[in-house]
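Asker: Structure below; questions to follow.
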Amino acid sequence: MSDTTTRVREHYNATGLTDRIKATLATIAPEDQPLTVTQLASLDQFHTRGILATTELAEAAGISSSTRVLDVGCGIGGPARYLAATFGCTVTGVDLSVPFIDAATYLTARCGLSDRATFRVGNALHLQLESASFDAIFLQHVSMNIEDRAALYAEAHRLLAPEGRLVIHDLVLRKGDVVYPAPWARDASTSFLLSESDTRTALEQAGFSAAHWQDDTRAALGWFNSILASPPPAGPNLGTVMGPDFPAIIGNLARNIREDRLGVLSAVLTPK
Ligand SMILES: C[S@@+](CC[C@H](N)C(=O)[O-])C[C@H]1O[C@@H](n2cnc3c(N)ncnc32)[C@H](O)[C@@H]1O
């Protein structure tokens, strides 16, 4: 593993995470009571526009019960559980962070979805998974942590079946001069943002062509304006995952978008 990947893993090394999540969930449901995807949505969708973005991406990608999904950089598994619960498909989640994978496994059991959504620790650049074994690969707010974008997209290309879809949801550089700390990086040393056009070039060079390409920046700004206008939701939220300064860090992301330093992109691509 490269030094940079090790530092990215440290950023997401949320020690004691599953115990913190258990404690915060106890405020909304006893341990023996099943949880729903909706109850967890402010905790486990670690990207701009939360579960709404995952819903739209799933629709754009045409997910169905027979789709074999791989969620690369799955975080604590919110998108994977949403897809498994909504469509009845199978989802494999992989992530660098051991505490995130522990929490994903725990939350999935609490939702009664362990037969459909499973999780393992892995590096997006070298996944120990069979070639052409997935119909859809999700990459939501992950690539900005990946220095070697060509290797990331080449690995996704290897894992996708010939008719498969790569689903991306990315922050992209606009004017740049990004304000840190941000949710994915405390400073620029572990942040590898590309512009929208460089993202498209990297994807095309890896053998993908765009079936759907959408600038989500305005929608993201509207979402930030609405969530920042009210206090953080009571009960489980992303602060449980990333620590007490998370509201300030989210505020920096909103500022980066408001000041046109960053944009938001979603896309569905197919192998050429
Ligand atoms: C901002 S979170 C997004 C999590 C999830 N995709 C979601 O939208 O809820 C970024 C995630 O990417 C993971 N990640 C970053 N670099 C990775 C790599 N090289 N391999 C696997 N996961 C990685 C991090 O551990 C983290 O969980």
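Each chain in the structure tokens gets a letter, A, B and so on, in the order shown; residues start at 1 in every chain, and ligands are counted from 1 in the order they appear.
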Taking the chain letters and numbering used in this document, name the residues of region 44-245 of chain A that DSSP puts in strand (DSSP E or B), as a PyMOL selection string.
Answerer: chain A and resi 68-72+90-95+117-121+123+126+134-140+160-173+182+185+195+208-215
Asker: Take the residues from that selection and put them in a file with C-alpha atoms, as an mmCIF file, in the first residue's frame.
Answerer:
data_model
loop_
_atom_site.group_PDB
_atom_site.id
_atom_site.type_symbol
_atom_site.label_atom_id
_atom_site.label_comp_id
_atom_site.auth_asym_id
_atom_site.auth_seq_id
_atom_site.Cartn_x
_atom_site.Cartn_y
_atom_site.Cartn_z
ATOM 1 C CA ARG A 68 -24.731 -7.768 -8.960
ATOM 2 C CA VAL A 69 -23.476 -4.541 -7.384
ATOM 3 C CA LEU A 70 -20.003 -3.685 -6.125
ATOM 4 C CA ASP A 71 -19.771 -0.562 -3.956
ATOM 5 C CA VAL A 72 -16.137 0.567 -3.936
ATOM 6 C CA THR A 90 -26.844 -8.454 -3.928
ATOM 7 C CA VAL A 91 -24.214 -5.886 -3.012
ATOM 8 C CA THR A 92 -20.561 -6.361 -2.122
ATOM 9 C CA GLY A 93 -19.056 -3.395 -0.288
ATOM 10 C CA VAL A 94 -15.303 -2.838 -0.027
ATOM 11 C CA ASP A 95 -13.481 -0.152 1.916
ATOM 12 C CA ALA A 117 -25.182 -6.997 1.469
ATOM 13 C CA THR A 118 -21.710 -8.143 2.538
ATOM 14 C CA PHE A 119 -18.582 -6.163 3.290
ATOM 15 C CA ARG A 120 -14.842 -6.644 3.213
ATOM 16 C CA VAL A 121 -11.705 -4.588 3.709
ATOM 17 C CA ASN A 123 -7.995 -1.274 -1.588
ATOM 18 C CA HIS A 126 -6.218 -3.982 -6.174
ATOM 19 C CA PHE A 134 -20.300 -7.266 -11.351
ATOM 20 C CA ASP A 135 -23.121 -5.630 -13.323
ATOM 21 C CA ALA A 136 -22.825 -2.262 -11.574
ATOM 22 C CA ILE A 137 -19.976 -0.615 -9.707
ATOM 23 C CA PHE A 138 -20.686 2.387 -7.490
ATOM 24 C CA LEU A 139 -17.982 4.945 -6.686
ATOM 25 C CA GLN A 140 -19.587 7.646 -4.569
ATOM 26 C CA LEU A 160 -17.349 -4.986 -14.692
ATOM 27 C CA ALA A 161 -19.242 -7.459 -16.881
ATOM 28 C CA PRO A 162 -19.324 -6.428 -20.590
ATOM 29 C CA GLU A 163 -22.826 -4.900 -20.301
ATOM 30 C CA GLY A 164 -22.091 -3.430 -16.870
ATOM 31 C CA ARG A 165 -22.394 0.162 -15.618
ATOM 32 C CA LEU A 166 -19.923 2.273 -13.672
ATOM 33 C CA VAL A 167 -21.783 4.754 -11.468
ATOM 34 C CA ILE A 168 -19.792 7.727 -10.257
ATOM 35 C CA HIS A 169 -20.674 10.564 -7.918
ATOM 36 C CA ASP A 170 -17.724 12.883 -7.498
ATOM 37 C CA LEU A 171 -16.558 16.210 -6.242
ATOM 38 C CA VAL A 172 -14.699 17.950 -9.069
ATOM 39 C CA LEU A 173 -12.316 20.902 -9.168
ATOM 40 C CA ALA A 182 -12.915 18.812 4.315
ATOM 41 C CA ALA A 185 -9.139 15.109 3.798
ATOM 42 C CA SER A 195 -11.738 18.809 -12.938
ATOM 43 C CA PHE A 208 -15.495 3.841 -20.577
ATOM 44 C CA SER A 209 -18.035 5.918 -22.445
ATOM 45 C CA ALA A 210 -20.673 8.076 -20.746
ATOM 46 C CA ALA A 211 -24.311 6.960 -20.955
ATOM 47 C CA HIS A 212 -25.440 9.675 -18.515
ATOM 48 C CA TRP A 213 -23.438 12.727 -17.412
ATOM 49 C CA GLN A 214 -24.899 15.342 -15.080
ATOM 50 C CA ASP A 215 -23.674 18.431 -13.277
#
Asker: Can you pull out the residues contacting Val98 (chain A)? Cut-off 12 Å, using only C-alpha atoms, and skip same-chain residues under 4 positions away; I want them as a compact mmCIF listing (two decimals) with N, CA, C and O atoms, in the first residue's frame.
Answerer:
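Result written to selection_32.txt:
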# COMPACT_ATOMS: atom_id res chain seq x y z
N ARG A 9 -6.22 5.99 4.77
CA ARG A 9 -6.83 5.04 5.69
C ARG A 9 -6.85 5.60 7.12
O ARG A 9 -7.82 5.44 7.84
N GLU A 10 -5.77 6.29 7.49
CA GLU A 10 -5.74 6.90 8.84
C GLU A 10 -6.85 7.94 9.00
O GLU A 10 -7.45 8.05 10.07
N HIS A 11 -7.12 8.69 7.93
CA HIS A 11 -8.18 9.71 8.01
C HIS A 11 -9.53 9.07 8.37
O HIS A 11 -10.33 9.67 9.08
N TYR A 12 -9.77 7.87 7.85
CA TYR A 12 -11.07 7.20 8.08
C TYR A 12 -10.97 6.12 9.18
O TYR A 12 -11.86 5.30 9.31
N ASN A 13 -9.89 6.18 9.96
CA ASN A 13 -9.71 5.15 11.00
C ASN A 13 -10.46 5.55 12.27
O ASN A 13 -9.89 5.97 13.25
N ALA A 14 -11.76 5.41 12.21
CA ALA A 14 -12.64 5.88 13.28
C ALA A 14 -12.65 4.85 14.42
O ALA A 14 -13.49 3.97 14.48
N THR A 15 -11.68 5.00 15.32
CA THR A 15 -11.53 4.02 16.41
C THR A 15 -12.79 3.95 17.27
O THR A 15 -13.37 4.98 17.60
N GLY A 16 -13.20 2.73 17.60
CA GLY A 16 -14.37 2.54 18.48
C GLY A 16 -15.68 2.89 17.81
O GLY A 16 -16.70 3.11 18.48
N LEU A 17 -15.70 2.92 16.48
CA LEU A 17 -16.89 3.40 15.77
C LEU A 17 -18.14 2.57 16.05
O LEU A 17 -19.21 3.13 16.33
N THR A 18 -18.03 1.25 15.99
CA THR A 18 -19.24 0.44 16.17
C THR A 18 -19.83 0.66 17.57
O THR A 18 -21.06 0.76 17.72
N GLY A 73 -15.32 1.66 -1.91
CA GLY A 73 -15.25 2.76 -0.95
C GLY A 73 -16.62 2.94 -0.32
O GLY A 73 -17.19 4.03 -0.30
N CYS A 74 -17.14 1.83 0.21
CA CYS A 74 -18.56 1.76 0.62
C CYS A 74 -18.84 2.48 1.93
O CYS A 74 -20.00 2.59 2.34
N GLY A 75 -17.79 2.97 2.62
CA GLY A 75 -18.03 3.65 3.89
C GLY A 75 -18.66 2.68 4.90
O GLY A 75 -18.25 1.51 5.01
N ILE A 76 -19.67 3.14 5.62
CA ILE A 76 -20.31 2.26 6.61
C ILE A 76 -21.55 1.59 6.00
O ILE A 76 -22.41 1.08 6.72
N VAL A 94 -16.71 -2.76 -0.43
CA VAL A 94 -15.30 -2.84 -0.03
C VAL A 94 -14.85 -1.45 0.41
O VAL A 94 -15.26 -0.44 -0.16
N ASP A 102 -16.37 -2.89 9.87
CA ASP A 102 -17.01 -3.47 11.07
C ASP A 102 -18.39 -2.85 11.28
O ASP A 102 -19.38 -3.54 11.54
N ALA A 103 -18.45 -1.52 11.17
CA ALA A 103 -19.73 -0.83 11.40
C ALA A 103 -20.74 -1.20 10.31
O ALA A 103 -21.94 -1.41 10.59
N ALA A 104 -20.27 -1.30 9.06
CA ALA A 104 -21.17 -1.67 7.95
C ALA A 104 -21.78 -3.05 8.21
O ALA A 104 -22.98 -3.27 8.01
N THR A 105 -20.96 -3.97 8.66
CA THR A 105 -21.43 -5.34 8.91
C THR A 105 -22.45 -5.35 10.05
O THR A 105 -23.50 -6.00 9.97
N PHE A 119 -19.63 -7.20 3.27
CA PHE A 119 -18.58 -6.16 3.29
C PHE A 119 -17.22 -6.78 3.57
O PHE A 119 -17.12 -7.74 4.33
N ARG A 120 -16.20 -6.18 2.96
CA ARG A 120 -14.84 -6.64 3.21
C ARG A 120 -13.86 -5.47 3.09
O ARG A 120 -14.12 -4.51 2.36
N VAL A 121 -12.75 -5.61 3.80
CA VAL A 121 -11.70 -4.59 3.71
C VAL A 121 -10.95 -4.80 2.40
O VAL A 121 -10.65 -5.94 2.02
N GLY A 122 -10.65 -3.73 1.68
CA GLY A 122 -9.88 -3.86 0.44
C GLY A 122 -9.49 -2.49 -0.08
O GLY A 122 -10.09 -1.47 0.26
N ASN A 123 -8.47 -2.49 -0.93
CA ASN A 123 -7.99 -1.27 -1.59
C ASN A 123 -8.56 -1.22 -3.00
O ASN A 123 -8.36 -2.15 -3.79
Asker: Restricting the calculation to only C-alpha atoms and all ligand atoms, which member of A:Glu155, A:Glu130, A:Asp32, A:Asp177 is positioned closest to ligand 1?
Answerer: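 For ligand 1, the nearest of the given residues is A:Glu155.
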Asker: Identify, on the basis of only C-alpha atoms, every residue whose closest approach to Pro79 (chain A) does not exceed 8 Å; exclude the query and any residue fewer than 6 positions from it along the same chain; express the result as an MDAnalysis selection string.
Answerer: chainID A and resid 44:45 51 54 71
Asker: Considering only C-alpha atoms, return as a ChimeraX atom specification whatever protein or nucleic-acid residues lie within 7 Å of region 255-257 of chain A, sequence-local ones (same chain, fewer than 5 positions apart) excluded.
Answerer: /A:178-179,221,262-263
Asker: Report as a list of chain:residue names all protein, DNA and RNA residues lying within 7 Å of Val8 (chain A), evaluated on only C-alpha atoms, omitting residues in the same chain fewer than 4 positions from it.
Answerer: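 Near Val8 (chain A), the qualifying residues are A:Thr4, A:Tyr12, A:Asn145, A:Thr190.
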Asker: Deliver the residues from the most recent selection as a file, using C-alpha atoms, as a PDB file, in the first residue's frame.
Answerer:
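Below is the file again16.pdb, written as the result:
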ATOM      1  CA  THR A   4      -0.736   8.141   0.511  1.00  0.00           C
ATOM      2  CA  TYR A  12     -11.065   7.198   8.075  1.00  0.00           C
ATOM      3  CA  ASN A 145      -8.988  10.198  -2.146  1.00  0.00           C
ATOM      4  CA  THR A 190      -4.546  13.282   0.775  1.00  0.00           C
TER       5      THR A 190
END
Asker: Expressed in Å to a single decimal, how great is the separation between CA of Leu113 (chain A) and CA of Val142 (chain A)?
Answerer: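 These two atoms are separated by 23.6 Å.
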Asker: Using DSSP on the backbone, list every residue of region 46-99 of chain A that comes out as helix (DSSP H, G or I), and give them as a VMD selection string.
Answerer: chain A and resid 50 to 61 78 to 87 98 to 99
Asker: Check the smallest atom-to-atom distance from each of A:Phe192, A:Tyr180, A:Tyr106, A:Phe224 to Asp148 (chain A) using only C-alpha atoms, then report the winner.
Answerer: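 Under the stated criterion, the closest residue is A:Phe192.
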Asker: With only C-alpha atoms and all ligand atoms as the basis for distance, which of A:Leu52, A:Ala151, A:Leu40, A:Leu125 is at the shortest distance from ligand 1?
Answerer: A:Leu125
Asker: Expressed in Å to a single decimal, how great is the separation between CA of Ser266 (chain A) and atom 14 (N, counted along the ligand's line) of ligand 1?
Answerer: 17.7 Å
Asker: Pick from A:Ala154, A:Ile146, A:Ala84, A:Ala132: nearest to ligand 1, with only C-alpha atoms and all ligand atoms counted?
Answerer: A:Ile146
Asker: Could you check how far CA of Ala124 (chain A) sits from CA of Ala219 (chain A), in Å to one decimal?
Answerer: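 So the answer is 28.0 Å.
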Asker: Find the residues near Leu35 (chain A): any atom within 12 Å, counting only C-alpha atoms, skip ones fewer than 6 places away on the same chain, and give them as a list in words.
Answerer: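 Residues meeting the cut-off are Lys22, Leu25, Ala26, Ile28, Ala29, Ala41, Arg81, Ala85, Tyr106, Leu107, Thr108, Ala109, Arg110, Cys111, Gly112 and Leu113 of chain A.
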Asker: With N, CA, C and O atoms retained, write the just-selected residues as a compact mmCIF listing (two decimals), in the first residue's frame.
Answerer:
# COMPACT_ATOMS: atom_id res chain seq x y z
N LYS A 22 -23.53 2.01 18.31
CA LYS A 22 -24.49 1.29 19.19
C LYS A 22 -25.07 2.26 20.23
O LYS A 22 -26.27 2.27 20.47
N LEU A 25 -27.49 4.65 18.52
CA LEU A 25 -28.72 3.97 18.06
C LEU A 25 -29.63 3.63 19.23
O LEU A 25 -30.86 3.55 19.06
N ALA A 26 -29.03 3.43 20.41
CA ALA A 26 -29.85 3.09 21.58
C ALA A 26 -30.84 4.22 21.88
O ALA A 26 -31.86 4.00 22.54
N ILE A 28 -32.64 5.64 19.65
CA ILE A 28 -33.81 5.56 18.76
C ILE A 28 -34.47 4.18 18.72
O ILE A 28 -35.63 4.07 18.35
N ALA A 29 -33.73 3.12 19.09
CA ALA A 29 -34.33 1.78 19.04
C ALA A 29 -33.56 0.82 19.93
O ALA A 29 -32.32 0.87 19.95
N ALA A 41 -30.46 6.96 7.55
CA ALA A 41 -30.00 7.77 6.41
C ALA A 41 -29.15 8.99 6.79
O ALA A 41 -28.28 9.40 6.02
N ARG A 81 -26.82 -0.84 1.64
CA ARG A 81 -28.08 -1.29 2.28
C ARG A 81 -29.29 -0.73 1.55
O ARG A 81 -30.30 -1.42 1.39
N ALA A 85 -31.99 -3.28 0.06
CA ALA A 85 -33.35 -3.22 0.62
C ALA A 85 -34.37 -2.82 -0.44
O ALA A 85 -35.50 -3.32 -0.48
N TYR A 106 -22.15 -4.61 11.11
CA TYR A 106 -23.07 -4.53 12.25
C TYR A 106 -24.42 -3.91 11.84
O TYR A 106 -25.49 -4.46 12.12
N LEU A 107 -24.37 -2.78 11.15
CA LEU A 107 -25.61 -2.09 10.77
C LEU A 107 -26.45 -2.94 9.80
O LEU A 107 -27.69 -2.92 9.86
N THR A 108 -25.78 -3.67 8.94
CA THR A 108 -26.49 -4.50 7.97
C THR A 108 -27.21 -5.64 8.68
O THR A 108 -28.37 -5.97 8.34
N ALA A 109 -26.57 -6.20 9.68
CA ALA A 109 -27.25 -7.23 10.49
C ALA A 109 -28.46 -6.63 11.20
O ALA A 109 -29.54 -7.23 11.23
N ARG A 110 -28.30 -5.42 11.75
CA ARG A 110 -29.43 -4.77 12.45
C ARG A 110 -30.61 -4.51 11.50
O ARG A 110 -31.76 -4.44 11.93
N CYS A 111 -30.32 -4.36 10.21
CA CYS A 111 -31.38 -4.12 9.22
C CYS A 111 -31.89 -5.43 8.61
O CYS A 111 -32.77 -5.39 7.73
N GLY A 112 -31.34 -6.56 9.03
CA GLY A 112 -31.79 -7.86 8.49
C GLY A 112 -31.42 -8.03 7.02
O GLY A 112 -32.12 -8.71 6.27
N LEU A 113 -30.29 -7.44 6.60
CA LEU A 113 -29.91 -7.48 5.17
C LEU A 113 -28.61 -8.26 4.93
O LEU A 113 -28.06 -8.20 3.82
Asker: Tell me which of A:Asp216, A:Asp19, A:Glu147, A:Glu59 sits closest to ligand 1, counting only C-alpha atoms and all ligand atoms.
Answerer: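 Of the candidates, the smallest distance to ligand 1 is held by A:Glu147.
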Asker: Pick out the closest residue to ligand 1 from this set: A:Asn252, A:Thr5, A:Ser66, A:Ser197. Count only C-alpha atoms and all ligand atoms.
Answerer: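 Checking each of A:Asn252, A:Thr5, A:Ser66, A:Ser197 against ligand 1, counting only C-alpha atoms and all ligand atoms, the winner is A:Thr5.
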